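J.: For reference, the structure I am asking about is given below.
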Amino acid sequence: MSLFKLGFIINPIAGIGGSVALKGSDGDNIADKAFALGATAKANQRASQALSLLLPFKKDIVVYTANGLMGEQCARELGFNVEVVYQAISTHSEKEQENDQRVRQITTPNDTELTVKALIAKAVDIILFAGGDGTARDICHSVNEYSNTDNESTRIPVLGIPAGCKIHSGVYAITPTAAGRIIEMMVTKQLVTLTEADVMDIDERLFRQGVVKAKRYGEMKIPSELRYVQAVKSGGKESDELVLQDIAADVIDKMDDELYIIGSGSTTAFLMEELTLANTLLGVDVVHQGALIESDITELNLWDLINEFLAKNIEDVKKIKLVITLIGGQGHIFGRGNQQLSPRIIRLIGKENIIIIATKTKLNALDARPLITDTGDSDLDEELSGYLPIVTGYNDQVLYPVYSPK
């Protein structure tokens with residue numbers, strides 16, 4: 001039996017700026033700045049989640065990839081048969097603290113594109129990559145550049161493992177585990193439909209200023225399993241202002257002396273407007289007793305702030321509330337653009353203190369698909385699954401399913 005030829009690429013710094021409120025990893029020196037602020041790279045961890053589902057079939061798979069943290073290390077640690085087809089030279093190591101040696105690998109778009117070129121030359125069955133929309137753009141450019149454009153049917157399919165701050169493109173699975181399930185279907189020769197999906201990206205410079213300007217950069221062929229592949233994010237601002245006012249009024253009426261952590265999104269931004277407070281549309285803000293006490297806070301600072309608050313309030317977690325909304329068209333509530341809300345923070349706050357707000361129009365647009373939690377911690381995702389109340393108006397709630405695909 002012929003081996004399944006899996007092309008595998010990791011952008012090692014994908015999403016590096018999320019937890020430290022840098023809104024991404026694109027741009028000169030952003031990765032260095034994120035590391036200096038205490039950020040840790042998570043792309044390899046998320047890629048490992050996807051690849052680990054293929055362990056029962058590893059004797060049937062050969063993984064073609066780039067060196068180091070671009071894929072080789074992840075695949076070898078899991079025990080796969082690995083062939084390195086590209087050597088990225090933009091690597092450096094440093095001892096960050098005593099007894100902790102971690103290798104950082106800061107790669108360039110050119111590294112990604114040349115890896116794709118090498119994978120196409122090997123005629124891999126699919127390219128599985130971990131990154132964000134910037135990585136998807138680089139891969140799209142290279143697939144179009146080096147494929148046989150005279151025969152579209154021979155173009156190699158791709159599939160993204162979500163690991164960046166920005167996941168607007170339709171080429172991504174909804175979670176790392178979902179990506180692994182799709183590849184599993186291909187390895188076990190189940191019927192998988194191929195379709196074209198849009199590659200989208202936004203300008204991170206404007207993104208960091210709270211402006212979302214999305215653009216279509218092309219399309220790639222992906223395996224289309226609707227249970228596992230996300231929809232392209234729907235754009236636009238909520239137009240039903242009266243409903244948003246009712247939702248905001250419901251939350252505000254219940255506010256007392258609790259610490260309110262306000263997540264990103266246009267629906268939560270409307271709540272902040274009703275509070276007459278400045279808002280970080282694409283970040284996390286903290287409100288206490290009607291005042292904005294932290295704006296665009298990082299994960300580490302939020303962790304410290306919560307613990308200081310609990311120390312003064314006899315560790316009463318009921319006095320901490322997290323207000324979040326969902327990404328329109330996708331349904332994600334964690335793991336997309338709010339990496340500041342890390343698993344340890346979510347656990348500390350507790351499921352019972354999470355307030356999800358959304359209009360019924362936004363929920364109906366999901367066409368009965370559940371909300372998705374993709375925190376990077378599978379046990380936590382399982383704990384958050386089930387039916388959760390969604391505030392949809394003044395004294396108006398609906399129960400809606402939340403899950404993380406297995």
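Ligands are numbered from 1 in the order shown, chains are lettered A, B, ... in the order of the structure tokens, and residues start at 1 in each chain.
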Please, which residues of region 195-405 of chain A, numbered as in this document, come out strand (DSSP E or B) from DSSP, as a PyMOL selection string?
T.: chain A and resi 195-202+214-223+229+259-262+285-288+291-294+320-324+332-334+354-357+371-373+386-393+396-403
J.: Identify, on the basis of only C-alpha atoms, every residue whose closest approach to region 182-185 of chain A does not exceed 12 Å; exclude the query and any residue fewer than 5 positions from it along the same chain; express the result as a PyMOL selection string.
T.: chain A and resi 4-8+50-58+60-61+125-129+157-161+172-177+190-194+222-229+405-406
J.: Smallest atom-to-atom distance to Thr135 (chain A): which of A:Leu69, A:Ala197, A:Ala14, A:Ala178, using only C-alpha atoms?
T.: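 Smallest distance to Thr135 (chain A) is found for A:Ala14.
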J.: How many Å lie between CA of Val243 (chain A) and CA of Asp256 (chain A), rounded to one decimal?
T.: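 Atom-to-atom, CA of Val243 (chain A) to CA of Asp256 (chain A), that is 22.7 Å.
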J.: Quick one: residues within 6 Å of Ala163 (chain A), only C-alpha atoms, excluding same-chain residues fewer than 4 positions away - as an NGL selection string?
T.: :A and (14-15 or 43 or 130-132)
J.: What does the distance between CA of Asn301 (chain A) and CA of Arg344 (chain A) come to in Å, to one decimal place?
T.: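 Straight-line distance from CA of Asn301 (chain A) to CA of Arg344 (chain A) works out to 12.9 Å.
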J.: Calculated over only C-alpha atoms, which of the candidates A:Ile120, A:Ile156, A:Ala136, A:Ala248 has the smallest distance to Glu273 (chain A)?
T.: A:Ala248
J.: Using only C-alpha atoms, which residues sit within 10 Å of Ala365 (chain A) once same-chain residues fewer than 6 positions away are excluded, as a list in words?
T.: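 That gives Ser234, Gly328, Gly329, Gln330 and Gly331 of chain A.
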J.: Write the residues of the preceding selection, restricted to C-alpha atoms, as an mmCIF file, in the first residue's frame.
T.:
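Wrote it out as result.cif, contents follow:
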```
data_model
loop_
_atom_site.group_PDB
_atom_site.id
_atom_site.type_symbol
_atom_site.label_atom_id
_atom_site.label_comp_id
_atom_site.auth_asym_id
_atom_site.auth_seq_id
_atom_site.Cartn_x
_atom_site.Cartn_y
_atom_site.Cartn_z
ATOM 1 C CA SER A 234 -19.384 37.576 8.165
ATOM 2 C CA GLY A 328 -20.563 36.287 13.398
ATOM 3 C CA GLY A 329 -20.744 33.556 10.767
ATOM 4 C CA GLN A 330 -18.338 31.276 12.654
ATOM 5 C CA GLY A 331 -19.752 30.974 16.159
#
```
J.: Just to confirm, what's the straight-line distance from CA of Thr359 (chain A) to CA of Leu341 (chain A) in Å (one decimal)?
T.: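 Atom-to-atom, CA of Thr359 (chain A) and CA of Leu341 (chain A) are spaced 22.3 Å apart.
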J.: Which one is closest to Asn144 (chain A): A:Leu302, A:Ala358, A:Thr195, A:Tyr217? Count only C-alpha atoms.
T.: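 Under the stated criterion, the closest residue is A:Tyr217.
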J.: Go through A:Leu277, A:Cys74, A:Val84, A:Leu310 and flag the residue nearest Glu294 (chain A), using only C-alpha atoms for the distances.
T.: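 Of the candidates, the smallest distance to Glu294 (chain A) is held by A:Leu277.
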J.: Go through region 173-390 of chain A and collect every residue that DSSP, computed from the backbone, puts in helix (DSSP H, G or I); the answer should be as a short mmCIF file (atom, residue, chain, number, x, y, z; two decimals) with N, CA and C atoms, in the first residue's frame.
T.:
```
data_model
loop_
_atom_site.label_atom_id
_atom_site.label_comp_id
_atom_site.auth_asym_id
_atom_site.auth_seq_id
_atom_site.Cartn_x
_atom_site.Cartn_y
_atom_site.Cartn_z
N PRO A 176 -8.03 22.69 16.00
CA PRO A 176 -6.95 21.78 15.62
C PRO A 176 -7.42 20.32 15.54
N THR A 177 -8.25 19.92 16.49
CA THR A 177 -8.75 18.54 16.49
C THR A 177 -9.56 18.25 15.24
N ALA A 178 -10.38 19.23 14.83
CA ALA A 178 -11.17 19.06 13.62
C ALA A 178 -10.27 18.89 12.39
N ALA A 179 -9.16 19.61 12.35
CA ALA A 179 -8.21 19.46 11.24
C ALA A 179 -7.67 18.04 11.21
N GLY A 180 -7.33 17.51 12.38
CA GLY A 180 -6.85 16.14 12.43
C GLY A 180 -7.87 15.14 11.96
N ARG A 181 -9.14 15.38 12.29
CA ARG A 181 -10.21 14.46 11.88
C ARG A 181 -10.34 14.43 10.35
N ILE A 182 -10.20 15.58 9.71
CA ILE A 182 -10.32 15.63 8.25
C ILE A 182 -9.19 14.84 7.60
N ILE A 183 -7.95 15.04 8.09
CA ILE A 183 -6.83 14.29 7.52
C ILE A 183 -7.01 12.80 7.78
N GLU A 184 -7.54 12.45 8.95
CA GLU A 184 -7.81 11.04 9.26
C GLU A 184 -8.76 10.43 8.23
N MET A 185 -9.77 11.19 7.84
CA MET A 185 -10.72 10.70 6.83
C MET A 185 -10.01 10.44 5.51
N MET A 186 -9.07 11.32 5.16
CA MET A 186 -8.35 11.13 3.91
C MET A 186 -7.41 9.93 3.99
N VAL A 187 -6.71 9.78 5.11
CA VAL A 187 -5.77 8.67 5.28
C VAL A 187 -6.50 7.33 5.22
N GLU A 204 -3.11 44.43 9.63
CA GLU A 204 -2.85 44.41 11.07
C GLU A 204 -2.53 45.79 11.62
N ARG A 205 -1.96 46.65 10.80
CA ARG A 205 -1.67 48.00 11.30
C ARG A 205 -2.97 48.71 11.66
N LEU A 206 -3.99 48.59 10.80
CA LEU A 206 -5.29 49.17 11.12
C LEU A 206 -5.97 48.38 12.23
N PHE A 207 -5.77 47.04 12.23
CA PHE A 207 -6.35 46.16 13.24
C PHE A 207 -5.94 46.61 14.64
N GLU A 241 -30.12 48.34 16.35
CA GLU A 241 -29.64 49.09 17.51
C GLU A 241 -30.55 48.92 18.72
N LEU A 242 -31.83 48.80 18.50
CA LEU A 242 -32.75 48.67 19.62
C LEU A 242 -32.51 47.38 20.40
N VAL A 243 -32.25 46.29 19.67
CA VAL A 243 -31.97 45.01 20.33
C VAL A 243 -30.67 45.11 21.11
N LEU A 244 -29.66 45.74 20.54
CA LEU A 244 -28.39 45.90 21.23
C LEU A 244 -28.55 46.75 22.49
N GLN A 245 -29.40 47.75 22.42
CA GLN A 245 -29.66 48.57 23.60
C GLN A 245 -30.30 47.73 24.70
N ASP A 246 -31.22 46.84 24.32
CA ASP A 246 -31.87 45.97 25.31
C ASP A 246 -30.86 45.02 25.94
N ILE A 247 -29.98 44.46 25.13
CA ILE A 247 -28.95 43.55 25.66
C ILE A 247 -28.05 44.30 26.64
N ALA A 248 -27.61 45.49 26.23
CA ALA A 248 -26.74 46.29 27.10
C ALA A 248 -27.44 46.65 28.40
N ALA A 249 -28.73 47.01 28.31
CA ALA A 249 -29.48 47.38 29.50
C ALA A 249 -29.58 46.21 30.47
N ASP A 250 -29.74 45.00 29.94
CA ASP A 250 -29.84 43.82 30.79
C ASP A 250 -28.54 43.60 31.57
N VAL A 251 -27.42 43.74 30.90
CA VAL A 251 -26.13 43.54 31.56
C VAL A 251 -25.87 44.65 32.57
N ILE A 252 -26.13 45.89 32.17
CA ILE A 252 -25.83 47.04 33.04
C ILE A 252 -26.68 47.01 34.30
N ASP A 253 -27.95 46.61 34.18
CA ASP A 253 -28.83 46.57 35.35
C ASP A 253 -28.35 45.58 36.41
N SER A 266 -18.09 43.67 18.21
CA SER A 266 -18.97 44.83 18.04
C SER A 266 -20.12 44.83 19.04
N THR A 267 -20.59 43.65 19.45
CA THR A 267 -21.71 43.59 20.40
C THR A 267 -21.26 44.04 21.79
N THR A 268 -20.09 43.60 22.22
CA THR A 268 -19.56 44.07 23.51
C THR A 268 -19.15 45.54 23.43
N ALA A 269 -18.73 45.98 22.23
CA ALA A 269 -18.39 47.40 22.05
C ALA A 269 -19.62 48.28 22.27
N PHE A 270 -20.79 47.79 21.85
CA PHE A 270 -22.02 48.55 22.06
C PHE A 270 -22.32 48.66 23.56
N LEU A 271 -22.06 47.59 24.30
CA LEU A 271 -22.24 47.63 25.75
C LEU A 271 -21.36 48.72 26.36
N MET A 272 -20.11 48.81 25.93
CA MET A 272 -19.21 49.83 26.45
C MET A 272 -19.68 51.23 26.08
N GLU A 273 -20.24 51.38 24.89
CA GLU A 273 -20.79 52.68 24.49
C GLU A 273 -21.93 53.09 25.41
N GLU A 274 -22.78 52.13 25.78
CA GLU A 274 -23.89 52.42 26.68
C GLU A 274 -23.39 52.77 28.08
N GLU A 299 -2.75 39.16 28.69
CA GLU A 299 -3.11 37.99 29.49
C GLU A 299 -2.45 38.02 30.86
N LEU A 300 -1.15 38.33 30.88
CA LEU A 300 -0.42 38.32 32.15
C LEU A 300 -0.96 39.39 33.10
N ASN A 301 -1.20 40.60 32.57
CA ASN A 301 -1.72 41.67 33.42
C ASN A 301 -3.14 41.36 33.90
N LEU A 302 -3.92 40.71 33.06
CA LEU A 302 -5.28 40.34 33.46
C LEU A 302 -5.23 39.28 34.57
N TRP A 303 -4.34 38.33 34.43
CA TRP A 303 -4.17 37.29 35.47
C TRP A 303 -3.82 37.93 36.81
N ASP A 304 -2.86 38.84 36.78
CA ASP A 304 -2.44 39.50 38.02
C ASP A 304 -3.58 40.34 38.61
N LEU A 305 -4.30 41.05 37.74
CA LEU A 305 -5.40 41.90 38.19
C LEU A 305 -6.50 41.08 38.86
N ILE A 306 -6.86 39.96 38.26
CA ILE A 306 -7.90 39.10 38.83
C ILE A 306 -7.49 38.58 40.20
N ASN A 307 -6.25 38.13 40.31
CA ASN A 307 -5.78 37.58 41.59
C ASN A 307 -5.71 38.66 42.67
N GLU A 308 -5.31 39.88 42.29
CA GLU A 308 -5.31 40.98 43.25
C GLU A 308 -6.72 41.30 43.71
N PHE A 309 -7.66 41.27 42.78
CA PHE A 309 -9.06 41.55 43.11
C PHE A 309 -9.61 40.47 44.04
N LEU A 310 -9.30 39.20 43.74
CA LEU A 310 -9.79 38.11 44.58
C LEU A 310 -9.19 38.17 45.98
N ALA A 311 -7.93 38.59 46.09
CA ALA A 311 -7.30 38.71 47.40
C ALA A 311 -8.00 39.73 48.28
N LYS A 312 -8.56 40.76 47.65
CA LYS A 312 -9.26 41.81 48.39
C LYS A 312 -10.73 41.46 48.64
N VAL A 317 -15.16 34.31 43.65
CA VAL A 317 -15.13 34.38 42.18
C VAL A 317 -16.45 34.86 41.60
N LYS A 318 -17.53 34.81 42.41
CA LYS A 318 -18.81 35.31 41.90
C LYS A 318 -18.75 36.82 41.64
N LYS A 319 -17.74 37.46 42.18
CA LYS A 319 -17.59 38.90 41.98
C LYS A 319 -16.80 39.24 40.71
N PRO A 343 -6.73 29.72 28.97
CA PRO A 343 -7.38 28.67 29.76
C PRO A 343 -7.31 28.90 31.27
N ARG A 344 -6.16 29.36 31.78
CA ARG A 344 -6.07 29.53 33.24
C ARG A 344 -7.00 30.65 33.71
N ILE A 345 -7.18 31.68 32.89
CA ILE A 345 -8.07 32.78 33.27
C ILE A 345 -9.53 32.32 33.22
N ILE A 346 -9.88 31.59 32.16
CA ILE A 346 -11.26 31.10 32.02
C ILE A 346 -11.60 30.17 33.19
N ARG A 347 -10.67 29.29 33.53
CA ARG A 347 -10.90 28.36 34.65
C ARG A 347 -11.07 29.13 35.96
N LEU A 348 -10.23 30.14 36.17
CA LEU A 348 -10.31 30.90 37.41
C LEU A 348 -11.64 31.62 37.53
N ILE A 349 -12.11 32.18 36.43
CA ILE A 349 -13.40 32.89 36.45
C ILE A 349 -14.56 31.92 36.64
N LYS A 351 -17.11 28.82 34.55
CA LYS A 351 -18.14 28.77 33.52
C LYS A 351 -19.40 29.53 33.93
N GLU A 352 -19.74 29.44 35.22
CA GLU A 352 -20.98 30.07 35.70
C GLU A 352 -20.91 31.59 35.72
N ASN A 353 -19.72 32.16 35.58
CA ASN A 353 -19.56 33.61 35.59
C ASN A 353 -19.30 34.20 34.21
N LYS A 360 -30.53 37.63 18.46
CA LYS A 360 -31.08 36.41 17.87
C LYS A 360 -30.79 36.34 16.38
N THR A 361 -30.69 37.51 15.75
CA THR A 361 -30.33 37.55 14.33
C THR A 361 -28.95 36.93 14.11
N LYS A 362 -28.01 37.26 14.99
CA LYS A 362 -26.66 36.72 14.88
C LYS A 362 -26.65 35.22 15.12
N LEU A 363 -27.46 34.76 16.08
CA LEU A 363 -27.54 33.32 16.34
C LEU A 363 -28.21 32.58 15.19
N ASN A 364 -29.28 33.17 14.64
CA ASN A 364 -29.98 32.54 13.52
C ASN A 364 -29.09 32.41 12.30
N SER A 378 -8.02 21.08 25.57
CA SER A 378 -9.15 20.21 25.22
C SER A 378 -10.03 19.86 26.42
N ASP A 379 -9.42 19.72 27.59
CA ASP A 379 -10.22 19.43 28.79
C ASP A 379 -11.13 20.60 29.12
N LEU A 380 -10.61 21.81 29.02
CA LEU A 380 -11.43 22.99 29.28
C LEU A 380 -12.53 23.13 28.24
N ASP A 381 -12.19 22.87 26.98
CA ASP A 381 -13.21 22.94 25.92
C ASP A 381 -14.36 21.98 26.23
N GLU A 382 -14.02 20.81 26.74
CA GLU A 382 -15.05 19.83 27.10
C GLU A 382 -15.89 20.34 28.27
N GLU A 383 -15.24 20.97 29.25
CA GLU A 383 -15.96 21.53 30.40
C GLU A 383 -16.92 22.64 29.99
N LEU A 384 -16.56 23.40 28.98
CA LEU A 384 -17.40 24.51 28.53
C LEU A 384 -18.52 24.06 27.61
#
```
J.: Taking only C-alpha atoms into account, which of A:Asp285, A:Tyr394, A:Val402, A:Asp367 comes nearest Ile333 (chain A)?
T.: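 Checking each of A:Asp285, A:Tyr394, A:Val402, A:Asp367 against Ile333 (chain A), counting only C-alpha atoms, the winner is A:Val402.
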J.: Hey, which of A:Ile390, A:Leu292, A:Ile89, A:Ile356 ends up closest to Tyr260 (chain A)? Count only C-alpha atoms.
T.: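 Among the listed residues, the smallest separation from Tyr260 (chain A) belongs to A:Leu292.
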J.: Might you pull out every residue within 9 Å of Thr115 (chain A), with only C-alpha atoms counted and same-chain residues fewer than 6 positions away left off, and present them as number ranges by chain?
T.: A: 9, 65-66, 85-88, 142
J.: Kindly export the residues of the current selection with C-alpha atoms, as a PDB file, in the first residue's frame.
T.:
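Once written, part-v2.pdb looks like this:
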```
ATOM      1  CA  ILE A   9       4.019  23.501   7.727  1.00  0.00           C
ATOM      2  CA  THR A  65       8.064  19.351   6.178  1.00  0.00           C
ATOM      3  CA  ALA A  66      10.639  22.058   6.995  1.00  0.00           C
ATOM      4  CA  VAL A  85      12.359  19.187   2.309  1.00  0.00           C
ATOM      5  CA  TYR A  86      13.370  22.727   3.273  1.00  0.00           C
ATOM      6  CA  GLN A  87      15.872  24.241   5.704  1.00  0.00           C
ATOM      7  CA  ALA A  88      14.897  27.590   7.235  1.00  0.00           C
ATOM      8  CA  SER A 142       2.986  29.927  -3.369  1.00  0.00           C
TER       9      SER A 142
END
```
J.: Counting only C-alpha atoms, what is within 8 Å of Val143 (chain A), bar same-chain residues fewer than 2 positions away, as a compact mmCIF listing (two decimals) with N, CA and C atoms, in the first residue's frame?
T.:
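Final file, result.txt:
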```
# COMPACT_ATOMS: atom_id res chain seq x y z
N VAL A 116 6.39 25.43 0.64
CA VAL A 116 5.28 25.01 -0.22
C VAL A 116 5.82 24.56 -1.57
N LYS A 117 6.76 25.31 -2.13
CA LYS A 117 7.36 24.94 -3.42
C LYS A 117 7.96 23.54 -3.35
N ILE A 120 5.19 20.87 -3.15
CA ILE A 120 4.57 20.64 -4.46
C ILE A 120 5.45 19.75 -5.31
N ILE A 139 0.78 30.90 1.75
CA ILE A 139 0.62 29.58 1.13
C ILE A 139 -0.19 29.68 -0.15
N CYS A 140 -1.22 30.51 -0.13
CA CYS A 140 -2.04 30.71 -1.33
C CYS A 140 -1.18 31.24 -2.48
N HIS A 141 -0.35 32.22 -2.18
CA HIS A 141 0.53 32.80 -3.20
C HIS A 141 1.46 31.74 -3.78
N GLU A 145 1.68 30.08 -7.45
CA GLU A 145 2.92 30.36 -8.15
C GLU A 145 3.56 29.10 -8.71
N TYR A 146 3.52 28.01 -7.93
CA TYR A 146 4.30 26.83 -8.29
C TYR A 146 3.48 25.64 -8.77
N SER A 147 2.15 25.76 -8.70
CA SER A 147 1.33 24.66 -9.20
C SER A 147 1.23 24.73 -10.72
N ARG A 155 -4.15 20.82 -8.70
CA ARG A 155 -3.68 21.70 -7.62
C ARG A 155 -3.82 20.99 -6.27
N ILE A 156 -2.77 21.05 -5.48
CA ILE A 156 -2.74 20.35 -4.20
C ILE A 156 -3.71 21.00 -3.21
```
